[in-house]
$ cat entry37.pdb   # PDB, C-alpha atoms
ATOM      1  CA  MET A   1     -24.509  -6.810   6.307
ATOM      2  CA  SER A   2     -22.925  -6.476   2.881
ATOM      3  CA  PHE A   3     -21.361  -3.620   0.997
ATOM      4  CA  ASN A   4     -21.452  -3.210  -2.737
ATOM      5  CA  SER A   5     -18.625  -0.839  -3.697
ATOM      6  CA  ASP A   6     -19.586   0.607  -7.058
ATOM      7  CA  SER A   7     -20.214  -1.952  -9.748
ATOM      8  CA  LYS A   8     -16.824  -3.620  -9.801
ATOM      9  CA  SER A   9     -16.671  -6.836 -11.749
ATOM     10  CA  VAL A  10     -18.469  -9.777 -10.221
ATOM     11  CA  ILE A  11     -15.224 -11.735 -10.511
ATOM     12  CA  HIS A  12     -13.757  -9.619  -7.692
ATOM     13  CA  ARG A  13     -16.681 -10.454  -5.379
ATOM     14  CA  LYS A  14     -17.466 -14.082  -6.154
ATOM     15  CA  GLU A  15     -16.900 -17.244  -4.185
ATOM     16  CA  THR A  16     -14.596 -19.831  -5.748
ATOM     17  CA  TYR A  17     -13.292 -23.269  -4.830
ATOM     18  CA  PHE A  18     -10.310 -21.824  -2.915
ATOM     19  CA  CYS A  19     -12.049 -18.596  -1.876
ATOM     20  CA  ASP A  20     -14.800 -20.528  -0.068
ATOM     21  CA  TYR A  21     -16.521 -17.864   2.018
ATOM     22  CA  ASP A  22     -19.724 -19.899   2.402
ATOM     23  CA  HIS A  23     -17.848 -22.589   4.353
ATOM     24  CA  LYS A  24     -19.223 -23.030   7.895
ATOM     25  CA  ALA A  25     -15.875 -22.075   9.532
ATOM     26  CA  ILE A  26     -15.817 -18.741   7.709
ATOM     27  CA  GLN A  27     -19.540 -18.201   8.323
ATOM     28  CA  SER A  28     -18.926 -18.722  12.015
ATOM     29  CA  ILE A  29     -16.287 -15.999  12.354
ATOM     30  CA  VAL A  30     -18.062 -13.442  10.186
ATOM     31  CA  ASN A  31     -21.177 -13.820  12.288
ATOM     32  CA  ASP A  32     -19.236 -13.627  15.563
ATOM     33  CA  ARG A  33     -16.623 -10.948  14.872
ATOM     34  CA  PHE A  34     -17.537  -8.491  12.167
ATOM     35  CA  GLN A  35     -21.251  -7.718  12.457
ATOM     36  CA  SER A  36     -21.087  -4.358  14.274
ATOM     37  CA  THR A  37     -18.913  -2.569  11.723
ATOM     38  CA  LYS A  38     -20.219   0.673  10.216
ATOM     39  CA  GLY A  39     -18.729   0.847   6.703
ATOM     40  CA  PRO A  40     -16.491  -0.919   4.159
ATOM     41  CA  VAL A  41     -13.252   0.868   5.151
ATOM     42  CA  ASP A  42     -13.701   0.129   8.863
ATOM     43  CA  LEU A  43     -14.751  -3.440   8.110
ATOM     44  CA  THR A  44     -11.729  -3.956   5.850
ATOM     45  CA  LYS A  45      -9.395  -2.622   8.556
ATOM     46  CA  ILE A  46     -10.878  -4.999  11.157
ATOM     47  CA  ILE A  47     -10.706  -8.001   8.816
ATOM     48  CA  PHE A  48      -7.154  -7.080   7.773
ATOM     49  CA  LYS A  49      -6.000  -6.943  11.397
ATOM     50  CA  TYR A  50      -7.803 -10.192  12.214
ATOM     51  CA  VAL A  51      -6.061 -12.075   9.368
ATOM     52  CA  ARG A  52      -2.703 -10.389  10.007
ATOM     53  CA  ASP A  53      -2.530 -11.248  13.715
ATOM     54  CA  GLY A  54      -5.061 -14.058  14.108
ATOM     55  CA  ILE A  55      -3.384 -16.259  11.511
ATOM     56  CA  ILE A  56       0.311 -16.846  12.227
ATOM     57  CA  PHE A  57       2.855 -16.466   9.417
ATOM     58  CA  GLY A  58       4.159 -19.918   8.529
ATOM     59  CA  GLY A  59       4.917 -22.028   5.504
ATOM     60  CA  ASP A  60       2.140 -24.024   3.873
ATOM     61  CA  HIS A  61       1.171 -25.229   0.418
ATOM     62  CA  TRP A  62      -0.369 -22.561  -1.784
ATOM     63  CA  GLN A  63      -3.248 -24.819  -2.894
ATOM     64  CA  VAL A  64      -5.163 -24.433   0.368
ATOM     65  CA  LYS A  65      -8.733 -23.204   0.700
ATOM     66  CA  ALA A  66      -9.380 -20.085   2.767
ATOM     67  CA  SER A  67     -11.412 -22.162   5.240
ATOM     68  CA  GLU A  68      -8.456 -24.552   5.719
ATOM     69  CA  THR A  69      -6.104 -21.663   6.505
ATOM     70  CA  LEU A  70      -8.608 -20.403   9.042
ATOM     71  CA  ARG A  71      -8.844 -23.874  10.619
ATOM     72  CA  LYS A  72      -5.046 -24.355  10.692
ATOM     73  CA  GLY A  73      -4.395 -20.896  12.114
ATOM     74  CA  TYR A  74      -1.271 -20.292  10.047
ATOM     75  CA  GLY A  75      -0.245 -19.658   6.482
ATOM     76  CA  ALA A  76       2.145 -18.013   4.086
ATOM     77  CA  CYS A  77       1.353 -15.033   1.878
ATOM     78  CA  TRP A  78      -0.904 -17.003  -0.496
ATOM     79  CA  ASN A  79      -2.880 -18.513   2.349
ATOM     80  CA  LYS A  80      -3.367 -15.380   4.433
ATOM     81  CA  ASN A  81      -4.241 -13.175   1.469
ATOM     82  CA  LEU A  82      -6.726 -15.734   0.169
ATOM     83  CA  LEU A  83      -8.432 -15.777   3.577
ATOM     84  CA  LEU A  84      -8.496 -11.972   3.586
ATOM     85  CA  ILE A  85     -10.077 -11.965   0.127
ATOM     86  CA  ALA A  86     -12.663 -14.575   1.148
ATOM     87  CA  LEU A  87     -13.704 -12.525   4.177
ATOM     88  CA  LEU A  88     -13.903  -9.306   2.146
ATOM     89  CA  ARG A  89     -15.862 -10.965  -0.644
ATOM     90  CA  TYR A  90     -18.307 -12.381   1.886
ATOM     91  CA  TYR A  91     -19.274  -8.741   2.495
ATOM     92  CA  LYS A  92     -19.256  -8.026  -1.265
ATOM     93  CA  ILE A  93     -16.170  -5.809  -0.958
ATOM     94  CA  PRO A  94     -14.316  -6.249  -4.273
ATOM     95  CA  SER A  95     -10.875  -7.729  -3.744
ATOM     96  CA  ARG A  96      -8.321  -9.456  -5.900
ATOM     97  CA  LEU A  97      -5.049 -11.334  -5.673
ATOM     98  CA  LYS A  98      -1.817  -9.896  -7.059
ATOM     99  CA  ALA A  99       1.830 -10.902  -6.747
ATOM    100  CA  ASN A 100       5.132  -9.120  -7.051
ATOM    101  CA  PRO A 101       8.217 -10.842  -8.411
ATOM    102  CA  MET A 102      10.781 -10.566  -5.625
ATOM    103  CA  LYS A 103      14.522 -10.963  -5.312
ATOM    104  CA  ASN A 104      15.044 -13.866  -2.940
ATOM    105  CA  ASP A 105      16.794 -11.661  -0.356
ATOM    106  CA  PHE A 106      13.367 -10.564   0.896
ATOM    107  CA  MET A 107      13.260 -13.737   3.020
ATOM    108  CA  LYS A 108      16.674 -13.219   4.635
ATOM    109  CA  PRO A 109      15.288 -11.758   7.919
ATOM    110  CA  ALA A 110      13.057 -14.798   8.458
ATOM    111  CA  MET A 111      15.307 -17.505   6.985
ATOM    112  CA  GLY A 112      18.891 -16.343   7.478
ATOM    113  CA  VAL A 113      21.275 -17.775   4.858
ATOM    114  CA  ALA A 114      18.632 -20.342   3.910
ATOM    115  CA  TYR A 115      17.078 -17.539   1.820
ATOM    116  CA  LEU A 116      19.560 -18.636  -0.865
ATOM    117  CA  THR A 117      17.419 -21.765  -1.379
ATOM    118  CA  VAL A 118      14.406 -19.638  -2.413
ATOM    119  CA  SER A 119      13.989 -19.236  -6.157
ATOM    120  CA  SER A 120      14.662 -15.816  -7.620
ATOM    121  CA  PRO A 121      12.429 -14.262  -8.616
ATOM    122  CA  PHE A 122      10.016 -15.530  -6.018
ATOM    123  CA  TYR A 123       6.412 -14.363  -6.213
ATOM    124  CA  HIS A 124       5.011 -12.758  -3.079
ATOM    125  CA  CYS A 125       1.291 -12.149  -3.196
ATOM    126  CA  PHE A 126      -0.846  -9.427  -1.681
ATOM    127  CA  THR A 127      -4.448  -8.258  -1.819
ATOM    128  CA  GLU A 128      -5.943  -5.298  -3.600
ATOM    129  CA  VAL A 129      -9.238  -4.079  -2.206
ATOM    130  CA  TYR A 130     -11.584  -1.627  -3.930
ATOM    131  CA  LEU A 131     -12.467   1.159  -1.488
ATOM    132  CA  ASP A 132     -13.546   4.734  -2.051
ATOM    133  CA  GLY A 133     -13.359   4.407  -5.827
ATOM    134  CA  ARG A 134      -9.844   2.953  -6.140
ATOM    135  CA  TRP A 135      -7.790  -0.188  -5.692
ATOM    136  CA  ILE A 136      -5.613  -0.196  -2.554
ATOM    137  CA  ALA A 137      -2.824  -2.728  -1.928
ATOM    138  CA  ILE A 138      -2.769  -4.411   1.500
ATOM    139  CA  ASP A 139      -0.754  -7.347   2.808
ATOM    140  CA  PRO A 140      -1.583  -9.233   6.036
ATOM    141  CA  THR A 141       1.253 -11.746   5.645
ATOM    142  CA  LEU A 142       3.344 -10.884   8.702
ATOM    143  CA  ASP A 143       1.700 -11.071  12.120
ATOM    144  CA  LYS A 144       3.003  -8.735  14.830
ATOM    145  CA  ASN A 145       5.009 -11.407  16.635
ATOM    146  CA  THR A 146       6.809 -12.556  13.474
ATOM    147  CA  TYR A 147       7.509  -8.982  12.412
ATOM    148  CA  ASN A 148       8.798  -7.969  15.859
ATOM    149  CA  THR A 149      10.935 -11.109  16.201
ATOM    150  CA  PHE A 150      12.558 -11.331  12.766
ATOM    151  CA  PHE A 151      12.225  -7.999  10.978
ATOM    152  CA  MET A 152      12.341  -5.229  13.598
ATOM    153  CA  PRO A 153      15.771  -6.321  14.948
ATOM    154  CA  ARG A 154      17.130  -5.996  11.390
ATOM    155  CA  ASN A 155      15.749  -2.457  11.094
ATOM    156  CA  VAL A 156      13.239  -3.342   8.394
ATOM    157  CA  ASP A 157      11.152  -0.192   8.399
ATOM    158  CA  TRP A 158       8.137  -0.797   6.157
ATOM    159  CA  GLY A 159       5.910  -1.859   9.056
ATOM    160  CA  ILE A 160       2.815  -4.004   9.068
ATOM    161  CA  ASP A 161       0.048  -1.552   9.970
ATOM    162  CA  TRP A 162      -2.506  -0.252   7.481
ATOM    163  CA  ASN A 163      -4.235   3.116   7.874
ATOM    164  CA  GLY A 164      -7.303   2.307   5.758
ATOM    165  CA  THR A 165      -6.351   4.741   3.023
ATOM    166  CA  ASN A 166      -2.874   4.190   1.530
ATOM    167  CA  ASP A 167      -1.203   1.219  -0.091
ATOM    168  CA  MET A 168       0.496  -1.058   2.427
ATOM    169  CA  LEU A 169       3.043  -3.411   0.874
ATOM    170  CA  LEU A 170       5.733  -5.558   2.447
ATOM    171  CA  TYR A 171       9.221  -6.230   1.086
ATOM    172  CA  THR A 172       9.167  -3.147  -1.151
ATOM    173  CA  GLU A 173      12.958  -2.983  -1.338
ATOM    174  CA  SER A 174      13.060  -6.431  -2.996
ATOM    175  CA  ILE A 175      10.409  -5.969  -5.703
ATOM    176  CA  ALA A 176      11.934  -7.071  -9.017
ATOM    177  CA  GLY A 177       9.233  -6.020 -11.488
ATOM    178  CA  PRO A 178       5.589  -5.072 -11.980
ATOM    179  CA  ALA A 179       2.886  -6.880 -10.025
ATOM    180  CA  GLU A 180       0.921  -9.626 -11.724
ATOM    181  CA  LEU A 181      -2.881  -9.726 -11.364
ATOM    182  CA  TYR A 182      -4.615 -13.088 -10.923
ATOM    183  CA  PRO A 183      -8.181 -12.462 -12.125
ATOM    184  CA  ASP A 184      -9.083 -16.131 -11.567
ATOM    185  CA  ILE A 185      -7.769 -17.164  -8.152
ATOM    186  CA  ASP A 186      -8.524 -20.856  -8.634
ATOM    187  CA  GLN A 187      -6.703 -21.023 -11.940
ATOM    188  CA  ALA A 188      -3.708 -19.201 -10.445
ATOM    189  CA  LEU A 189      -3.508 -21.638  -7.535
ATOM    190  CA  LEU A 190      -3.985 -24.739  -9.682
ATOM    191  CA  PHE A 191      -1.352 -23.800 -12.251
ATOM    192  CA  ASN A 192       1.222 -21.879 -10.234
TER
END
$ encode --input "entry37.pdb" --output "structure tokens"
Amino acid sequence: MSFNSDSKSVIHRKETYFCDYDHKAIQSIVNDRFQSTKGPVDLTKIIFKYVRDGIIFGGDHWQVKASETLRKGYGACWNKNLLLIALLRYYKIPSRLKANPMKNDFMKPAMGVAYLTVSSPFYHCFTEVYLDGRWIAIDPTLDKNTYNTFFMPRNVDWGIDWNGTNDMLLYTESIAGPAELYPDIDQALLFN
């Protein structure tokens, strides 16, 4: 099953070195988990939830292939969003990587005072997916357990659920400027 949303640029649907959706590990889960889905919005919601909760939030290098993040079972924003993009692109759903410059206080709930060691601005990435004729921002970075443990007790109210229609961004109160688009994921990861 594949979906071809409009005629969005091939660059937003292609496999790359880091976005390696033809890897056998990724092939295995797409064949096992996502085959019975009816349309691109429902499929995107299922894949989003799988990456959000099936891959634990945890620090890792940003130069990690999507298949490696899947194998490890954890990753930071770069890792989890790259896996999300790889799974979406496997189904020819246009998706792209973007990042917001953030004030370093966005990591305070997870790191405590150690957030002061994070550079400011710090770039937090997210995914944009092309559905129903428009780009929608989604971010699977925080799994439910991490969110409930570190963010809910501090009354962080942006949530981690996505309704399939509206933008869903994390850390909105800490955004320090306009989002940057990375049209070439591999180049962004190699030179960031």
$ closest_residue --input "entry37.pdb" --among "A:Asn155, A:Asn148, A:Ser9, A:Asn104" --to "A:Arg89" --atoms "all atoms listed in the file"
A:Ser9
$ atom_distance --input "entry37.pdb" --atom1 "atom CA of A:Ile47" --atom2 "atom CA of A:Arg33"
9.0 Å
$ closest_atom_pairs --input "entry37.pdb" --of "stretch 49-140 of chain A" --to "stretch 168-184 of chain A" --cutoff "12 Å" --atoms "all atoms listed in the file" --output "JSON lines"
{"residue": "A:Cys77", "atom": "CA", "partner": "A:Leu170", "partner_atom": "CA", "distance": 10.5}
{"residue": "A:Trp78", "atom": "CA", "partner": "A:Tyr182", "partner_atom": "CA", "distance": 11.7}
{"residue": "A:Leu82", "atom": "CA", "partner": "A:Tyr182", "partner_atom": "CA", "distance": 11.6}
{"residue": "A:Pro94", "atom": "CA", "partner": "A:Pro183", "partner_atom": "CA", "distance": 11.7}
{"residue": "A:Ser95", "atom": "CA", "partner": "A:Pro183", "partner_atom": "CA", "distance": 10.0}
{"residue": "A:Arg96", "atom": "CA", "partner": "A:Pro183", "partner_atom": "CA", "distance": 6.9}
{"residue": "A:Leu97", "atom": "CA", "partner": "A:Tyr182", "partner_atom": "CA", "distance": 5.6}
{"residue": "A:Lys98", "atom": "CA", "partner": "A:Leu181", "partner_atom": "CA", "distance": 4.4}
{"residue": "A:Ala99", "atom": "CA", "partner": "A:Glu180", "partner_atom": "CA", "distance": 5.2}
{"residue": "A:Asn100", "atom": "CA", "partner": "A:Ala179", "partner_atom": "CA", "distance": 4.3}
{"residue": "A:Pro101", "atom": "CA", "partner": "A:Ala176", "partner_atom": "CA", "distance": 5.3}
{"residue": "A:Met102", "atom": "CA", "partner": "A:Ile175", "partner_atom": "CA", "distance": 4.6}
{"residue": "A:Lys103", "atom": "CA", "partner": "A:Ser174", "partner_atom": "CA", "distance": 5.3}
{"residue": "A:Asn104", "atom": "CA", "partner": "A:Ser174", "partner_atom": "CA", "distance": 7.7}
{"residue": "A:Asp105", "atom": "CA", "partner": "A:Ser174", "partner_atom": "CA", "distance": 6.9}
{"residue": "A:Phe106", "atom": "CA", "partner": "A:Ser174", "partner_atom": "CA", "distance": 5.7}
{"residue": "A:Met107", "atom": "CA", "partner": "A:Tyr171", "partner_atom": "CA", "distance": 8.7}
{"residue": "A:Lys108", "atom": "CA", "partner": "A:Tyr171", "partner_atom": "CA", "distance": 10.8}
{"residue": "A:Pro109", "atom": "CA", "partner": "A:Tyr171", "partner_atom": "CA", "distance": 10.7}
{"residue": "A:Ala110", "atom": "CA", "partner": "A:Tyr171", "partner_atom": "CA", "distance": 11.9}
{"residue": "A:Ser120", "atom": "CA", "partner": "A:Ala176", "partner_atom": "CA", "distance": 9.3}
{"residue": "A:Pro121", "atom": "CA", "partner": "A:Ala176", "partner_atom": "CA", "distance": 7.2}
{"residue": "A:Phe122", "atom": "CA", "partner": "A:Ala176", "partner_atom": "CA", "distance": 9.2}
{"residue": "A:Tyr123", "atom": "CA", "partner": "A:Ala179", "partner_atom": "CA", "distance": 9.1}
{"residue": "A:His124", "atom": "CA", "partner": "A:Tyr171", "partner_atom": "CA", "distance": 8.8}
{"residue": "A:Cys125", "atom": "CA", "partner": "A:Ala179", "partner_atom": "CA", "distance": 8.8}
{"residue": "A:Phe126", "atom": "CA", "partner": "A:Leu169", "partner_atom": "CA", "distance": 7.6}
{"residue": "A:Thr127", "atom": "CA", "partner": "A:Leu169", "partner_atom": "CA", "distance": 9.3}
{"residue": "A:Glu128", "atom": "CA", "partner": "A:Leu181", "partner_atom": "CA", "distance": 9.4}
{"residue": "A:Val129", "atom": "CA", "partner": "A:Met168", "partner_atom": "CA", "distance": 11.2}
{"residue": "A:Trp135", "atom": "CA", "partner": "A:Met168", "partner_atom": "CA", "distance": 11.6}
{"residue": "A:Ile136", "atom": "CA", "partner": "A:Met168", "partner_atom": "CA", "distance": 7.9}
{"residue": "A:Ala137", "atom": "CA", "partner": "A:Met168", "partner_atom": "CA", "distance": 5.7}
{"residue": "A:Ile138", "atom": "CA", "partner": "A:Met168", "partner_atom": "CA", "distance": 4.8}
{"residue": "A:Asp139", "atom": "CA", "partner": "A:Leu169", "partner_atom": "CA", "distance": 5.8}
{"residue": "A:Pro140", "atom": "CA", "partner": "A:Leu170", "partner_atom": "CA", "distance": 8.9}
$ write_last_selection --input "entry37.pdb" --atoms "C-alpha atoms" --output "PDB file, keeping the file's coordinate frame"
ATOM      1  CA  CYS A  77       1.353 -15.033   1.878  1.00  0.00           C
ATOM      2  CA  TRP A  78      -0.904 -17.003  -0.496  1.00  0.00           C
ATOM      3  CA  LEU A  82      -6.726 -15.734   0.169  1.00  0.00           C
ATOM      4  CA  PRO A  94     -14.316  -6.249  -4.273  1.00  0.00           C
ATOM      5  CA  SER A  95     -10.875  -7.729  -3.744  1.00  0.00           C
ATOM      6  CA  ARG A  96      -8.321  -9.456  -5.900  1.00  0.00           C
ATOM      7  CA  LEU A  97      -5.049 -11.334  -5.673  1.00  0.00           C
ATOM      8  CA  LYS A  98      -1.817  -9.896  -7.059  1.00  0.00           C
ATOM      9  CA  ALA A  99       1.830 -10.902  -6.747  1.00  0.00           C
ATOM     10  CA  ASN A 100       5.132  -9.120  -7.051  1.00  0.00           C
ATOM     11  CA  PRO A 101       8.217 -10.842  -8.411  1.00  0.00           C
ATOM     12  CA  MET A 102      10.781 -10.566  -5.625  1.00  0.00           C
ATOM     13  CA  LYS A 103      14.522 -10.963  -5.312  1.00  0.00           C
ATOM     14  CA  ASN A 104      15.044 -13.866  -2.940  1.00  0.00           C
ATOM     15  CA  ASP A 105      16.794 -11.661  -0.356  1.00  0.00           C
ATOM     16  CA  PHE A 106      13.367 -10.564   0.896  1.00  0.00           C
ATOM     17  CA  MET A 107      13.260 -13.737   3.020  1.00  0.00           C
ATOM     18  CA  LYS A 108      16.674 -13.219   4.635  1.00  0.00           C
ATOM     19  CA  PRO A 109      15.288 -11.758   7.919  1.00  0.00           C
ATOM     20  CA  ALA A 110      13.057 -14.798   8.458  1.00  0.00           C
ATOM     21  CA  SER A 120      14.662 -15.816  -7.620  1.00  0.00           C
ATOM     22  CA  PRO A 121      12.429 -14.262  -8.616  1.00  0.00           C
ATOM     23  CA  PHE A 122      10.016 -15.530  -6.018  1.00  0.00           C
ATOM     24  CA  TYR A 123       6.412 -14.363  -6.213  1.00  0.00           C
ATOM     25  CA  HIS A 124       5.011 -12.758  -3.079  1.00  0.00           C
ATOM     26  CA  CYS A 125       1.291 -12.149  -3.196  1.00  0.00           C
ATOM     27  CA  PHE A 126      -0.846  -9.427  -1.681  1.00  0.00           C
ATOM     28  CA  THR A 127      -4.448  -8.258  -1.819  1.00  0.00           C
ATOM     29  CA  GLU A 128      -5.943  -5.298  -3.600  1.00  0.00           C
ATOM     30  CA  VAL A 129      -9.238  -4.079  -2.206  1.00  0.00           C
ATOM     31  CA  TRP A 135      -7.790  -0.188  -5.692  1.00  0.00           C
ATOM     32  CA  ILE A 136      -5.613  -0.196  -2.554  1.00  0.00           C
ATOM     33  CA  ALA A 137      -2.824  -2.728  -1.928  1.00  0.00           C
ATOM     34  CA  ILE A 138      -2.769  -4.411   1.500  1.00  0.00           C
ATOM     35  CA  ASP A 139      -0.754  -7.347   2.808  1.00  0.00           C
ATOM     36  CA  PRO A 140      -1.583  -9.233   6.036  1.00  0.00           C
TER      37      PRO A 140
END
$ closest_residue --input "entry37.pdb" --among "A:Tyr91, A:Gln63, A:Ile11, A:Pro153" --to "A:Ala188" --atoms "all atoms listed in the file"
A:Gln63
$ closest_residue --input "entry37.pdb" --among "A:Val118, A:Ile160, A:Ile93, A:Met111" --to "A:Asp42" --atoms "all atoms listed in the file"
A:Ile93
$ residues_around --input "entry37.pdb" --residues "A:Gly164" --least-positions-apart "3" --cutoff "9 Å" --atoms "only C-alpha atoms" --output "PyMOL selection string"
chain A and resi 41-42+44-45+131+136+167
$ atom_distance --input "entry37.pdb" --atom1 "atom CA of A:Asn79" --atom2 "atom CA of A:Thr141"
8.6 Å
$ residues_near_point --input "entry37.pdb" --point "(-10.5, -21.9, -0.5)" --cutoff "9 Å" --atoms "all atoms listed in the file" --output "list in words"
Glu15, Thr16, Tyr17, Phe18, Cys19, Asp20, Tyr21, His23, Gln63, Val64, Lys65, Ala66, Ser67, Glu68, Thr69, Asn79, Leu82, Leu83, Ala86 and Asp186 of chain A
$ write_last_selection --input "entry37.pdb" --atoms "C-alpha atoms" --output "mmCIF file, in the coordinates of the input"
data_model
loop_
_atom_site.group_PDB
_atom_site.id
_atom_site.type_symbol
_atom_site.label_atom_id
_atom_site.label_comp_id
_atom_site.auth_asym_id
_atom_site.auth_seq_id
_atom_site.Cartn_x
_atom_site.Cartn_y
_atom_site.Cartn_z
ATOM 1 C CA GLU A 15 -16.900 -17.244 -4.185
ATOM 2 C CA THR A 16 -14.596 -19.831 -5.748
ATOM 3 C CA TYR A 17 -13.292 -23.269 -4.830
ATOM 4 C CA PHE A 18 -10.310 -21.824 -2.915
ATOM 5 C CA CYS A 19 -12.049 -18.596 -1.876
ATOM 6 C CA ASP A 20 -14.800 -20.528 -0.068
ATOM 7 C CA TYR A 21 -16.521 -17.864 2.018
ATOM 8 C CA HIS A 23 -17.848 -22.589 4.353
ATOM 9 C CA GLN A 63 -3.248 -24.819 -2.894
ATOM 10 C CA VAL A 64 -5.163 -24.433 0.368
ATOM 11 C CA LYS A 65 -8.733 -23.204 0.700
ATOM 12 C CA ALA A 66 -9.380 -20.085 2.767
ATOM 13 C CA SER A 67 -11.412 -22.162 5.240
ATOM 14 C CA GLU A 68 -8.456 -24.552 5.719
ATOM 15 C CA THR A 69 -6.104 -21.663 6.505
ATOM 16 C CA ASN A 79 -2.880 -18.513 2.349
ATOM 17 C CA LEU A 82 -6.726 -15.734 0.169
ATOM 18 C CA LEU A 83 -8.432 -15.777 3.577
ATOM 19 C CA ALA A 86 -12.663 -14.575 1.148
ATOM 20 C CA ASP A 186 -8.524 -20.856 -8.634
#
$ atom_distance --input "entry37.pdb" --atom1 "atom CA of A:Thr165" --atom2 "atom CA of A:Thr149"
26.9 Å
$ closest_residue --input "entry37.pdb" --among "A:Asn166, A:Ala25, A:Gly58, A:Leu190" --to "A:Arg134" --atoms "all atoms listed in the file"
A:Asn166
$ axis_aligned_box --input "entry37.pdb" --around "stretch 104-111 of chain A" --padding-each-side "8 Å" --output "lines of an AutoDock Vina configuration file"
center_x = 14.9
center_y = -14.0
center_z = 2.8
size_x = 19.7
size_y = 22.9
size_z = 27.4
$ closest_residue --input "entry37.pdb" --among "A:Ile56, A:Val10, A:Leu70, A:Val156" --to "A:Lys24" --atoms "all atoms listed in the file"
A:Leu70
$ closest_residue --input "entry37.pdb" --among "A:Trp158, A:Tyr90, A:Phe191, A:Phe150" --to "A:Gln35" --atoms "all atoms listed in the file"
A:Tyr90
